[in-house]
file target17.cif (mmCIF, C-alpha atoms (C1' of nucleotides))
data_work
loop_
_atom_site.label_atom_id
_atom_site.label_comp_id
_atom_site.auth_asym_id
_atom_site.auth_seq_id
_atom_site.Cartn_x
_atom_site.Cartn_y
_atom_site.Cartn_z
CA MET H 1 1.62 9.59 -38.14
CA ALA H 2 -0.19 11.33 -35.30
CA SER H 3 -0.57 15.06 -34.98
CA GLY H 4 1.96 17.17 -36.76
CA SER H 5 3.48 18.82 -33.74
CA ALA H 6 5.06 17.38 -30.63
CA ALA H 7 3.97 13.80 -30.14
CA ARG H 8 6.25 11.27 -28.51
CA LYS H 9 9.23 13.55 -28.45
CA PRO H 10 11.94 12.15 -26.22
CA ALA H 11 12.33 14.25 -23.12
CA PRO H 12 15.16 16.76 -22.81
CA GLU H 13 16.96 14.80 -20.12
CA PRO H 14 15.42 11.69 -18.64
CA LEU H 15 16.96 11.84 -15.18
CA VAL H 16 15.17 8.78 -13.87
CA VAL H 17 14.16 5.66 -15.72
CA LEU H 18 11.31 4.42 -13.62
CA GLU H 19 11.50 0.81 -14.68
CA ASP H 20 15.14 0.68 -13.56
CA PHE H 21 14.54 2.41 -10.26
CA LEU H 22 14.94 -0.07 -7.45
CA PRO H 23 12.27 1.24 -5.07
CA TYR H 24 9.77 1.23 -7.90
CA ARG H 25 10.62 -2.29 -8.91
CA LEU H 26 10.39 -3.45 -5.34
CA ASN H 27 7.00 -1.86 -5.04
CA VAL H 28 5.76 -3.52 -8.18
CA LEU H 29 6.97 -6.91 -7.08
CA ALA H 30 5.63 -6.57 -3.57
CA GLY H 31 2.33 -5.30 -4.90
CA LEU H 32 1.92 -8.21 -7.25
CA THR H 33 2.68 -10.82 -4.62
CA SER H 34 0.49 -9.03 -2.11
CA SER H 35 -2.45 -8.99 -4.44
CA ALA H 36 -1.96 -12.66 -5.24
CA LEU H 37 -2.11 -13.43 -1.55
CA ALA H 38 -4.78 -10.91 -0.65
CA GLN H 39 -6.98 -12.64 -3.14
CA ILE H 40 -6.76 -15.86 -1.17
CA TYR H 41 -7.11 -14.14 2.18
CA ALA H 42 -10.09 -12.09 1.15
CA GLU H 43 -12.11 -14.14 -1.27
CA ARG H 44 -11.78 -17.46 0.48
CA PHE H 45 -11.50 -16.47 4.12
CA GLY H 46 -12.65 -12.88 4.43
CA LEU H 47 -9.33 -11.77 5.88
CA SER H 48 -7.54 -8.51 5.26
CA ILE H 49 -3.78 -8.51 5.14
CA PRO H 50 -3.43 -7.09 8.64
CA ALA H 51 -5.88 -9.70 9.89
CA TRP H 52 -3.83 -12.40 8.21
CA ARG H 53 -0.69 -11.13 9.88
CA VAL H 54 -2.35 -11.19 13.26
CA ILE H 55 -3.54 -14.72 12.71
CA VAL H 56 -0.16 -15.93 11.56
CA THR H 57 1.57 -14.33 14.50
CA LEU H 58 -0.84 -15.88 16.95
CA GLY H 59 -0.43 -19.16 15.12
CA GLN H 60 3.25 -18.95 15.87
CA TYR H 61 3.16 -17.79 19.44
CA GLU H 62 -0.23 -18.61 20.87
CA CYS H 63 -0.19 -15.64 23.21
CA ARG H 64 0.90 -12.17 22.25
CA THR H 65 -0.15 -8.64 22.96
CA ALA H 66 -1.28 -6.26 20.26
CA ARG H 67 1.96 -4.39 20.59
CA ASP H 68 4.01 -7.45 19.79
CA MET H 69 2.02 -7.90 16.63
CA ALA H 70 4.25 -5.58 14.63
CA PRO H 71 7.65 -5.71 16.26
CA ASP H 72 9.24 -4.48 13.05
CA GLY H 73 6.95 -1.48 12.99
CA VAL H 74 5.33 -2.48 9.74
CA MET H 75 1.74 -2.23 10.89
CA HIS H 76 0.46 0.86 12.60
CA LYS H 77 -0.96 0.26 16.03
CA SER H 78 -4.34 1.49 14.91
CA THR H 79 -4.24 -1.04 12.11
CA VAL H 80 -3.50 -3.80 14.55
CA SER H 81 -6.20 -2.60 16.91
CA ARG H 82 -8.86 -2.67 14.24
CA ALA H 83 -7.73 -5.99 12.84
CA VAL H 84 -7.87 -7.57 16.28
CA ALA H 85 -11.29 -6.04 16.96
CA ALA H 86 -12.63 -7.47 13.72
CA LEU H 87 -11.18 -10.89 14.43
CA GLU H 88 -12.58 -10.90 17.93
CA LYS H 89 -15.99 -9.97 16.59
CA ARG H 90 -15.83 -12.95 14.26
CA GLY H 91 -14.82 -15.18 17.12
CA LEU H 92 -11.42 -16.00 15.69
CA VAL H 93 -9.40 -14.35 18.42
CA LYS H 94 -10.02 -13.97 22.12
CA ARG H 95 -8.55 -11.52 24.60
CA ARG H 96 -7.60 -12.13 28.18
CA PRO H 97 -6.56 -9.32 30.48
CA ASN H 98 -2.98 -9.37 31.61
CA LEU H 99 -3.28 -9.09 35.37
CA ASP H 100 0.32 -8.03 35.71
CA ASP H 101 -0.18 -5.02 33.46
CA ARG H 102 -3.75 -4.09 32.89
CA ARG H 103 -2.95 -1.79 30.00
CA GLU H 104 -2.35 -4.71 27.73
CA GLU H 105 -4.23 -7.88 26.92
CA TRP H 106 -3.14 -11.32 25.90
CA LEU H 107 -4.39 -12.45 22.55
CA ALA H 108 -4.89 -15.97 21.32
CA LEU H 109 -6.58 -17.82 18.50
CA THR H 110 -9.86 -19.48 19.33
CA PRO H 111 -10.37 -23.00 17.98
CA GLN H 112 -12.17 -21.46 15.00
CA GLY H 113 -9.29 -19.05 14.55
CA ARG H 114 -6.86 -21.90 14.66
CA ALA H 115 -8.92 -23.75 12.09
CA ILE H 116 -8.80 -20.84 9.71
CA TYR H 117 -5.10 -20.51 10.32
CA GLU H 118 -4.59 -24.13 9.41
CA ALA H 119 -6.65 -23.66 6.28
CA VAL H 120 -5.01 -20.48 5.02
CA ALA H 121 -1.43 -21.13 5.95
CA PRO H 122 -0.78 -23.95 3.49
CA GLU H 123 -2.26 -21.96 0.65
CA ALA H 124 -0.21 -18.93 1.49
CA LEU H 125 2.91 -21.04 1.72
CA ALA H 126 2.06 -22.58 -1.63
CA VAL H 127 1.97 -19.16 -3.23
CA GLY H 128 5.33 -18.38 -1.69
CA GLU H 129 6.72 -21.63 -3.02
CA ARG H 130 5.34 -21.05 -6.47
CA LEU H 131 6.90 -17.64 -6.46
CA LEU H 132 10.29 -18.97 -5.42
CA SER H 133 10.08 -21.90 -7.81
CA VAL H 134 11.63 -19.81 -10.55
CA LEU H 135 14.82 -19.49 -8.52
CA THR H 136 17.42 -22.11 -7.81
CA PRO H 137 18.02 -22.96 -4.16
CA ARG H 138 21.24 -21.03 -4.35
CA GLU H 139 19.47 -18.01 -5.77
CA GLN H 140 16.89 -18.25 -3.04
CA GLU H 141 19.57 -18.05 -0.42
CA THR H 142 21.19 -15.12 -2.13
CA LEU H 143 17.87 -13.37 -2.38
CA SER H 144 17.27 -13.84 1.30
CA THR H 145 20.62 -12.31 2.14
CA LEU H 146 20.10 -9.38 -0.17
CA ILE H 147 16.66 -8.66 1.21
CA ASP H 148 18.04 -8.66 4.71
CA LYS H 149 20.82 -6.27 3.84
CA LEU H 150 18.47 -3.93 2.03
CA THR H 151 15.87 -4.04 4.75
CA GLN H 152 18.42 -3.19 7.36
CA GLN H 153 19.59 -0.27 5.31
CA ALA H 154 16.06 0.84 4.49
CA ARG H 155 15.31 1.07 8.20
CA LEU H 156 18.00 3.69 8.49
CA LEU H 157 16.59 5.70 5.62
CA ALA H 158 12.97 5.68 6.84
CA PRO H 159 13.49 6.76 10.40
CA GLN H 160 10.71 8.58 12.18
CA ASP H 161 7.75 6.93 10.50
CA ALA H 162 7.80 3.19 10.38
CA GLU H 163 10.30 2.90 13.17
CA GLY H 164 9.61 5.74 15.53
CA ASP H 165 6.38 4.03 16.39
CA GLU H 166 8.33 1.39 18.15
CA ALA H 167 11.40 1.77 20.27
CA MET S 168 7.28 -14.81 35.85
CA ALA S 169 4.04 -13.48 34.43
CA SER S 170 0.66 -14.99 35.11
CA GLY S 171 0.57 -18.55 36.25
CA SER S 172 -1.35 -20.00 33.35
CA ALA S 173 -0.71 -19.87 29.62
CA ALA S 174 1.60 -17.02 28.77
CA ARG S 175 3.99 -17.28 25.86
CA LYS S 176 3.31 -20.91 25.26
CA PRO S 177 4.74 -22.01 21.94
CA ALA S 178 1.98 -22.73 19.47
CA PRO S 179 0.94 -26.30 18.68
CA GLU S 180 2.31 -26.21 15.16
CA PRO S 181 3.70 -23.01 13.74
CA LEU S 182 2.93 -23.59 10.07
CA VAL S 183 4.22 -20.24 8.89
CA VAL S 184 7.06 -18.18 10.24
CA LEU S 185 6.10 -14.72 9.15
CA GLU S 186 9.56 -13.23 9.23
CA ASP S 187 10.78 -15.93 6.86
CA PHE S 188 7.87 -15.62 4.49
CA LEU S 189 9.05 -14.08 1.25
CA PRO S 190 5.96 -12.04 0.37
CA TYR S 191 5.95 -10.57 3.83
CA ARG S 192 9.61 -9.67 3.68
CA LEU S 193 9.15 -8.10 0.29
CA ASN S 194 6.29 -6.07 1.62
CA VAL S 195 8.31 -4.85 4.56
CA LEU S 196 11.22 -3.86 2.38
CA ALA S 197 9.06 -2.16 -0.22
CA GLY S 198 7.11 -0.39 2.49
CA LEU S 199 10.23 0.96 4.14
CA THR S 200 11.72 2.25 0.91
CA SER S 201 8.39 3.68 -0.15
CA SER S 202 7.99 5.59 3.04
CA ALA S 203 11.53 6.90 2.81
CA LEU S 204 10.74 8.23 -0.64
CA ALA S 205 7.19 9.34 0.08
CA GLN S 206 8.62 11.51 2.79
CA ILE S 207 10.64 13.42 0.22
CA TYR S 208 7.83 13.54 -2.29
CA ALA S 209 5.25 14.70 0.19
CA GLU S 210 7.00 16.90 2.70
CA ARG S 211 9.24 18.74 0.29
CA PHE S 212 7.18 18.80 -2.89
CA GLY S 213 3.61 17.93 -1.99
CA LEU S 214 3.56 14.94 -4.29
CA SER S 215 1.84 11.64 -3.71
CA ILE S 216 3.48 8.49 -5.01
CA PRO S 217 1.14 8.24 -8.01
CA ALA S 218 1.82 11.91 -8.77
CA TRP S 219 5.53 11.27 -8.58
CA ARG S 220 5.20 8.36 -10.99
CA VAL S 221 3.28 10.51 -13.43
CA ILE S 222 5.93 13.20 -13.24
CA VAL S 223 8.76 10.76 -13.73
CA THR S 224 7.06 9.16 -16.69
CA LEU S 225 6.44 12.50 -18.32
CA GLY S 226 10.01 13.44 -17.52
CA GLN S 227 11.11 10.44 -19.54
CA TYR S 228 8.77 10.71 -22.47
CA GLU S 229 7.49 14.26 -22.66
CA CYS S 230 4.18 13.24 -24.13
CA ARG S 231 2.10 10.31 -22.97
CA THR S 232 -1.51 9.51 -22.45
CA ALA S 233 -2.96 8.61 -19.08
CA ARG S 234 -3.28 5.03 -20.17
CA ASP S 235 0.42 4.75 -20.89
CA MET S 236 1.15 5.93 -17.40
CA ALA S 237 0.89 2.46 -15.92
CA PRO S 238 1.85 0.05 -18.67
CA ASP S 239 2.63 -2.64 -16.11
CA GLY S 240 -0.78 -2.29 -14.56
CA VAL S 241 0.58 -1.13 -11.25
CA MET S 242 -1.53 1.98 -10.92
CA HIS S 243 -5.27 1.84 -11.31
CA LYS S 244 -6.62 4.07 -14.02
CA SER S 245 -8.66 6.00 -11.50
CA THR S 246 -5.50 6.60 -9.52
CA VAL S 247 -3.79 7.95 -12.61
CA SER S 248 -6.79 10.06 -13.46
CA ARG S 249 -6.87 11.71 -10.06
CA ALA S 250 -3.13 12.19 -9.92
CA VAL S 251 -3.15 13.88 -13.31
CA ALA S 252 -6.09 16.06 -12.31
CA ALA S 253 -4.28 17.19 -9.19
CA LEU S 254 -1.10 17.91 -11.10
CA GLU S 255 -2.97 19.86 -13.74
CA LYS S 256 -4.67 21.91 -11.05
CA ARG S 257 -1.27 22.79 -9.65
CA GLY S 258 -0.06 23.75 -13.10
CA LEU S 259 2.57 21.05 -13.24
CA VAL S 260 1.05 19.11 -16.09
CA LYS S 261 -0.89 20.27 -19.12
CA ARG S 262 -3.23 18.34 -21.39
CA ARG S 263 -3.66 18.68 -25.10
CA PRO S 264 -6.43 16.87 -26.94
CA ASN S 265 -5.30 14.18 -29.32
CA LEU S 266 -7.08 15.16 -32.50
CA ASP S 267 -6.60 11.71 -33.96
CA ASP S 268 -8.47 10.09 -31.09
CA ARG S 269 -10.46 12.44 -29.01
CA ARG S 270 -11.01 9.93 -26.25
CA GLU S 271 -7.48 10.40 -25.05
CA GLU S 272 -5.33 13.39 -24.30
CA TRP S 273 -1.64 14.04 -24.53
CA LEU S 274 0.02 14.90 -21.29
CA ALA S 275 3.20 16.86 -20.76
CA LEU S 276 5.06 18.61 -18.00
CA THR S 277 4.76 22.34 -17.87
CA PRO S 278 7.97 24.28 -17.20
CA GLN S 279 7.04 24.34 -13.53
CA GLY S 280 6.42 20.60 -13.67
CA ARG S 281 9.76 20.08 -15.30
CA ALA S 282 11.38 22.19 -12.60
CA ILE S 283 9.89 20.04 -9.87
CA TYR S 284 10.95 16.94 -11.74
CA GLU S 285 14.50 18.20 -11.88
CA ALA S 286 14.40 18.98 -8.20
CA VAL S 287 12.92 15.71 -7.00
CA ALA S 288 14.61 13.27 -9.32
CA PRO S 289 18.15 13.65 -7.94
CA GLU S 290 16.92 13.22 -4.40
CA ALA S 291 14.97 10.14 -5.27
CA LEU S 292 17.94 8.72 -7.08
CA ALA S 293 20.10 9.48 -4.09
CA VAL S 294 17.83 7.43 -1.87
CA GLY S 295 18.02 4.59 -4.33
CA GLU S 296 21.79 4.83 -4.35
CA ARG S 297 22.03 4.92 -0.60
CA LEU S 298 19.84 1.88 -0.45
CA LEU S 299 21.99 -0.01 -2.92
CA SER S 300 25.19 1.16 -1.33
CA VAL S 301 25.16 -1.80 1.04
CA LEU S 302 25.47 -4.17 -1.89
CA THR S 303 28.48 -4.82 -4.06
CA PRO S 304 28.09 -4.08 -7.78
CA ARG S 305 27.90 -7.80 -8.38
CA GLU S 306 25.19 -8.20 -5.79
CA GLN S 307 23.30 -5.34 -7.35
CA GLU S 308 23.29 -7.09 -10.68
CA THR S 309 22.19 -10.32 -9.10
CA LEU S 310 19.41 -8.54 -7.28
CA SER S 311 18.19 -7.01 -10.48
CA THR S 312 18.03 -10.38 -12.15
CA LEU S 313 16.24 -11.97 -9.24
CA ILE S 314 13.68 -9.19 -9.05
CA ASP S 315 12.97 -9.58 -12.74
CA LYS S 316 12.47 -13.30 -12.45
CA LEU S 317 10.22 -12.96 -9.45
CA THR S 318 8.20 -10.17 -10.97
CA GLN S 319 7.62 -12.15 -14.10
CA GLN S 320 6.44 -15.09 -12.03
CA ALA S 321 4.34 -12.89 -9.76
CA ARG S 322 2.47 -11.60 -12.78
CA LEU S 323 1.32 -15.12 -13.47
CA LEU S 324 0.11 -15.60 -9.92
CA ALA S 325 -1.84 -12.32 -9.69
CA PRO S 326 -3.85 -12.50 -12.85
CA GLN S 327 -7.17 -10.70 -13.01
CA ASP S 328 -6.39 -7.78 -10.74
CA ALA S 329 -3.23 -5.93 -11.54
CA GLU S 330 -3.03 -7.25 -15.04
CA GLY S 331 -6.57 -7.65 -16.27
CA ASP S 332 -6.82 -3.91 -16.33
CA GLU S 333 -4.46 -3.83 -19.23
CA ALA S 334 -4.31 -6.27 -22.12
"C1'" DT F 335 -25.89 5.34 -42.23
"C1'" DT F 336 -26.98 2.81 -37.91
"C1'" DC F 337 -25.93 -0.54 -34.40
"C1'" DC F 338 -23.04 -2.96 -31.34
"C1'" DG F 339 -18.79 -3.93 -28.89
"C1'" DT F 340 -14.65 -1.93 -27.07
"C1'" DT F 341 -11.54 1.49 -25.14
"C1'" DC F 342 -10.10 5.92 -22.68
"C1'" DG F 343 -10.96 8.48 -18.98
"C1'" DT F 344 -13.88 10.45 -15.00
"C1'" DT F 345 -16.60 10.14 -10.94
"C1'" DG F 346 -19.63 8.45 -6.94
"C1'" DC F 347 -19.31 5.33 -3.42
"C1'" DC F 348 -17.07 2.89 0.08
"C1'" DC F 349 -13.47 0.89 2.77
"C1'" DA F 350 -8.80 0.68 4.55
"C1'" DT F 351 -5.35 3.18 6.75
"C1'" DG F 352 -2.42 6.89 8.77
"C1'" DC F 353 -2.49 10.54 12.04
"C1'" DA F 354 -3.42 12.61 16.22
"C1'" DA F 355 -5.92 13.15 20.26
"C1'" DC F 356 -7.35 10.67 23.94
"C1'" DC F 357 -8.05 7.30 28.12
"C1'" DA F 358 -6.20 4.21 31.28
"C1'" DA F 359 -2.49 2.06 33.57
"C1'" DT F 360 2.30 1.96 34.72
"C1'" DA F 361 7.09 3.73 35.59
"C1'" DC F 362 10.08 6.98 37.24
"C1'" DC F 363 11.49 10.46 40.41
"C1'" DA F 364 11.56 13.65 43.90
"C1'" DT Y 365 3.29 10.07 48.68
"C1'" DG Y 366 2.24 12.95 44.68
"C1'" DG Y 367 3.38 14.54 40.05
"C1'" DT Y 368 4.96 13.95 35.54
"C1'" DA Y 369 6.38 11.24 31.63
"C1'" DT Y 370 5.73 7.06 29.11
"C1'" DT Y 371 3.36 3.19 27.21
"C1'" DG Y 372 -0.64 0.08 25.50
"C1'" DG Y 373 -4.57 0.54 23.07
"C1'" DT Y 374 -8.91 2.79 21.02
"C1'" DT Y 375 -11.35 6.05 18.22
"C1'" DG Y 376 -12.70 10.40 15.31
"C1'" DC Y 377 -11.25 12.48 11.32
"C1'" DA Y 378 -9.57 13.11 6.87
"C1'" DT Y 379 -7.50 11.22 2.93
"C1'" DG Y 380 -5.96 7.81 -0.59
"C1'" DG Y 381 -7.16 4.47 -3.47
"C1'" DG Y 382 -10.01 0.40 -5.44
"C1'" DC Y 383 -14.19 -0.84 -7.72
"C1'" DA Y 384 -17.73 -0.38 -10.73
"C1'" DA Y 385 -20.87 2.35 -13.38
"C1'" DC Y 386 -20.92 5.82 -16.55
"C1'" DG Y 387 -20.21 8.99 -20.73
"C1'" DA Y 388 -17.72 9.94 -24.75
"C1'" DA Y 389 -15.35 8.47 -28.73
"C1'" DC Y 390 -13.69 5.00 -31.86
"C1'" DG Y 391 -13.90 0.55 -34.92
"C1'" DG Y 392 -16.25 -2.74 -37.46
"C1'" DA Y 393 -20.18 -4.82 -39.70
"C1'" DA Y 394 -24.43 -4.83 -41.97
#

call {"tool": "encode", "arguments": {"input": "target17.cif", "output": "structure tokens"}}
result
Amino acid sequence: MASGSAARKPAPEPLVVLEDFLPYRLNVLAGLTSSALAQIYAERFGLSIPAWRVIVTLGQYECRTARDMAPDGVMHKSTVSRAVAALEKRGLVKRRPNLDDRREEWLALTPQGRAIYEAVAPEALAVGERLLSVLTPREQETLSTLIDKLTQQARLLAPQDAEGDEA
Amino acid sequence: MASGSAARKPAPEPLVVLEDFLPYRLNVLAGLTSSALAQIYAERFGLSIPAWRVIVTLGQYECRTARDMAPDGVMHKSTVSRAVAALEKRGLVKRRPNLDDRREEWLALTPQGRAIYEAVAPEALAVGERLLSVLTPREQETLSTLIDKLTQQARLLAPQDAEGDEA
DNA sequence: TTCCGTTCGTTGCCCATGCAACCAATACCA
DNA sequence: TGGTATTGGTTGCATGGGCAACGAACGGAA
């Protein structure tokens, strides 16, 4: 069927099969999980992903500077800056000047920020659990190891961008 | 040292440890590999990631419609539309009307498009190889299996967005 | 034939984000 | 001390990409 000429011809030489290409598959997986989470962050709590990361980090450490917010260089500093500004505006985060170095400021969750943190965190964790529930504990450990190895290697392959920001 | 009051206090209850949180780690890994690849695509060939995906798909199948370009629902149809438009403008892709259904159009690489495909593909593959080179063949197989399982599960958790587009 | 519902694809609008330039404060060094 | 380089953080600008509304074309039913 279809037109008489060249429909659905196989390509001369398929050099890459996209659905077997690791970076593509990683992107798909990460995108799906991100959107599952972003849905919770956004619809229920009005948080962007960067905002969520800031909140989680402050939930862990109580007091951090904006620079410490992305020690792995994942978020751009402008992203962090804007996320913090938005959170401060909503009264979820407060800043205190660091008297020892007045370039930077200490950040902390306000009580309202902490409350949101305590509301979102369990739901986010639940999504993570549901995701991992298809793997055996042993597989989960293996996965963790593999991700670490790959991440370490990926840092070497993506030098000046995501990493050069730091250092 | 530091200010006398509340610097670096541990948080009351760290509910989530970001660097152990699977979705976060996946995002970091995918982001690093993406940026390693995007660098090649962009700097050397002026291709965005969606454009690259279109080119690879057409390199595999010769003739596809825009709709078939993201069968897994990863790319939004507007993203595909714009990527195809840009590629056509650069003379890398050509459209032919499908006379059997004039809503859609067949897409194919032009010779120039094919040339770019053949130039980019090996480099992209090389990055993928270098990434995987830190894993044993057995680990690579395991990884593949785990990614598949997780992706399948992630599709269930991210319903209306990335998937609802299709169906 | 004429409706109605659905699908493919495009486009206007808007927001998020990366980049780069910039300001302020500090560090280093002569 | 002064001068330069470096770092923390913000902001203007341009771009990429999502969403939703739209137009065009098809399918089915009366």

call {"tool": "closest_atom_pairs", "arguments": {"input": "target17.cif", "of": "chain H", "to": "chain S", "cutoff": "7 Å", "atoms": "all atoms listed in the file", "output": "CSV"}}
result
residue,atom,partner,partner_atom,distance
H:Ala2,CA,S:Asp267,CA,6.6
H:Ser3,CA,S:Leu266,CA,7.0
H:Ala7,CA,S:Cys230,CA,6.0
H:Arg8,CA,S:Cys230,CA,5.2
H:Lys9,CA,S:Glu229,CA,6.1
H:Pro10,CA,S:Tyr228,CA,5.1
H:Ala11,CA,S:Glu229,CA,4.9
H:Pro14,CA,S:Gln227,CA,4.6
H:Leu15,CA,S:Ala288,CA,6.5
H:Val16,CA,S:Ala288,CA,6.4
H:Val17,CA,S:Gln227,CA,6.8
H:Leu18,CA,S:Val223,CA,6.8
H:Leu22,CA,S:Gly295,CA,6.4
H:Pro23,CA,S:Thr200,CA,6.1
H:Leu26,CA,S:Ala197,CA,5.4
H:Asn27,CA,S:Ala197,CA,5.3
H:Val28,CA,S:Val241,CA,6.5
H:Leu29,CA,S:Thr318,CA,5.2
H:Ala30,CA,S:Asn194,CA,5.3
H:Leu32,CA,S:Ala321,CA,5.8
H:Thr33,CA,S:Ala321,CA,5.8
H:Ser34,CA,S:Pro190,CA,6.7
H:Ser35,CA,S:Ala325,CA,6.2
H:Ala36,CA,S:Ala325,CA,4.5
H:Val56,CA,S:Val183,CA,6.7
H:Gly59,CA,S:Pro181,CA,5.8
H:Gln60,CA,S:Pro181,CA,4.6
H:Tyr61,CA,S:Ala178,CA,5.1
H:Glu62,CA,S:Ala178,CA,4.9
H:Cys63,CA,S:Arg175,CA,5.2
H:Arg64,CA,S:Arg175,CA,7.0
H:Val74,CA,S:Val195,CA,6.4
H:Asp100,CA,S:Ala169,CA,6.7
H:Ala121,CA,S:Val183,CA,6.4
H:Gly128,CA,S:Leu189,CA,6.4
H:Leu131,CA,S:Gln320,CA,6.1
H:Val134,CA,S:Lys316,CA,6.8
H:Lys149,CA,S:Val301,CA,6.8
H:Leu150,CA,S:Leu298,CA,6.5
H:Thr151,CA,S:Leu196,CA,5.2
H:Gln153,CA,S:Leu298,CA,6.2
H:Ala154,CA,S:Thr200,CA,5.8
H:Arg155,CA,S:Leu199,CA,6.5
H:Leu157,CA,S:Ala203,CA,5.9
H:Ala158,CA,S:Ala203,CA,4.5

call {"tool": "closest_atom_pairs", "arguments": {"input": "target17.cif", "of": "chain F", "to": "chain S", "cutoff": "10 Å", "atoms": "all atoms listed in the file", "output": "tab-separated table"}}
result
residue	atom	partner	partner_atom	distance
F:DT341	C1'	S:Arg270	CA	8.5
F:DC342	C1'	S:Arg270	CA	5.4
F:DG343	C1'	S:Ser248	CA	7.1
F:DT344	C1'	S:Ser248	CA	7.3
F:DT345	C1'	S:Ser245	CA	9.0

call {"tool": "closest_residue", "arguments": {"input": "target17.cif", "among": "S:Ile222, S:Glu210, S:Pro264, S:Ala253", "to": "Ala282 of chain S", "atoms": "all atoms listed in the file"}}
result
S:Ile222

call {"tool": "atom_distance", "arguments": {"input": "target17.cif", "atom1": "atom C1' of DC357 of chain F", "atom2": "atom CA of Arg96 of chain H"}}
result
19.4 Å

call {"tool": "closest_residue", "arguments": {"input": "target17.cif", "among": "H:Gly113, H:Ile49, H:Val84, H:Val54", "to": "chain Y", "atoms": "only C-alpha atoms (C1' of nucleotides)"}}
result
H:Val84

call {"tool": "resolve_selection", "arguments": {"input": "target17.cif", "expression": "the PyMOL selection byres ((chain Y) within 12 of (chain H))", "output": "PyMOL selection string"}}
result
chain Y and resi 370-375

call {"tool": "atom_distance", "arguments": {"input": "target17.cif", "atom1": "atom CA of Ala293 of chain S", "atom2": "atom CA of Leu254 of chain S"}}
result
23.9 Å

call {"tool": "resolve_selection", "arguments": {"input": "target17.cif", "expression": "the PyMOL selection byres ((chain Y and resi 369) around 12)", "output": "PyMOL selection string"}}
result
(chain F and resi 360-363) or (chain Y and resi 367-368+370-371)

call {"tool": "atom_distance", "arguments": {"input": "target17.cif", "atom1": "atom C1' of DC347 of chain F", "atom2": "atom C1' of DA378 of chain Y"}}
result
16.2 Å

call {"tool": "resolve_selection", "arguments": {"input": "target17.cif", "expression": "the PyMOL selection byres ((chain Y and resi 391) around 10)", "output": "ChimeraX atom specification"}}
result
/F:339-340 /Y:390,392-393

call {"tool": "build_atoms", "arguments": {"input": "target17.cif", "residues": "segment 192-203 of chain S", "atoms": "N, CA and C atoms", "output": "PDB file, in the coordinates of the input"}}
result
ATOM      1  N   ARG S 192       8.334 -10.388   3.655  1.00  0.00           N
ATOM      2  CA  ARG S 192       9.610  -9.670   3.680  1.00  0.00           C
ATOM      3  C   ARG S 192       9.688  -8.661   2.549  1.00  0.00           C
ATOM      4  N   LEU S 193       9.173  -9.041   1.402  1.00  0.00           N
ATOM      5  CA  LEU S 193       9.150  -8.100   0.290  1.00  0.00           C
ATOM      6  C   LEU S 193       8.298  -6.892   0.616  1.00  0.00           C
ATOM      7  N   ASN S 194       7.175  -7.156   1.252  1.00  0.00           N
ATOM      8  CA  ASN S 194       6.290  -6.070   1.620  1.00  0.00           C
ATOM      9  C   ASN S 194       6.944  -5.113   2.606  1.00  0.00           C
ATOM     10  N   VAL S 195       7.634  -5.681   3.570  1.00  0.00           N
ATOM     11  CA  VAL S 195       8.310  -4.850   4.560  1.00  0.00           C
ATOM     12  C   VAL S 195       9.351  -3.980   3.874  1.00  0.00           C
ATOM     13  N   LEU S 196      10.163  -4.610   3.065  1.00  0.00           N
ATOM     14  CA  LEU S 196      11.220  -3.860   2.380  1.00  0.00           C
ATOM     15  C   LEU S 196      10.637  -2.774   1.483  1.00  0.00           C
ATOM     16  N   ALA S 197       9.662  -3.136   0.684  1.00  0.00           N
ATOM     17  CA  ALA S 197       9.060  -2.160  -0.220  1.00  0.00           C
ATOM     18  C   ALA S 197       8.401  -1.036   0.570  1.00  0.00           C
ATOM     19  N   GLY S 198       7.769  -1.394   1.667  1.00  0.00           N
ATOM     20  CA  GLY S 198       7.110  -0.390   2.490  1.00  0.00           C
ATOM     21  C   GLY S 198       8.106   0.600   3.082  1.00  0.00           C
ATOM     22  N   LEU S 199       9.216   0.080   3.550  1.00  0.00           N
ATOM     23  CA  LEU S 199      10.230   0.960   4.140  1.00  0.00           C
ATOM     24  C   LEU S 199      10.795   1.909   3.089  1.00  0.00           C
ATOM     25  N   THR S 200      11.139   1.373   1.938  1.00  0.00           N
ATOM     26  CA  THR S 200      11.720   2.250   0.910  1.00  0.00           C
ATOM     27  C   THR S 200      10.674   3.244   0.422  1.00  0.00           C
ATOM     28  N   SER S 201       9.450   2.771   0.274  1.00  0.00           N
ATOM     29  CA  SER S 201       8.390   3.680  -0.150  1.00  0.00           C
ATOM     30  C   SER S 201       8.233   4.838   0.815  1.00  0.00           C
ATOM     31  N   SER S 202       8.249   4.516   2.097  1.00  0.00           N
ATOM     32  CA  SER S 202       7.990   5.590   3.040  1.00  0.00           C
ATOM     33  C   SER S 202       9.182   6.535   3.104  1.00  0.00           C
ATOM     34  N   ALA S 203      10.373   6.007   2.877  1.00  0.00           N
ATOM     35  CA  ALA S 203      11.530   6.900   2.810  1.00  0.00           C
ATOM     36  C   ALA S 203      11.370   7.879   1.662  1.00  0.00           C
TER      37      ALA S 203
END
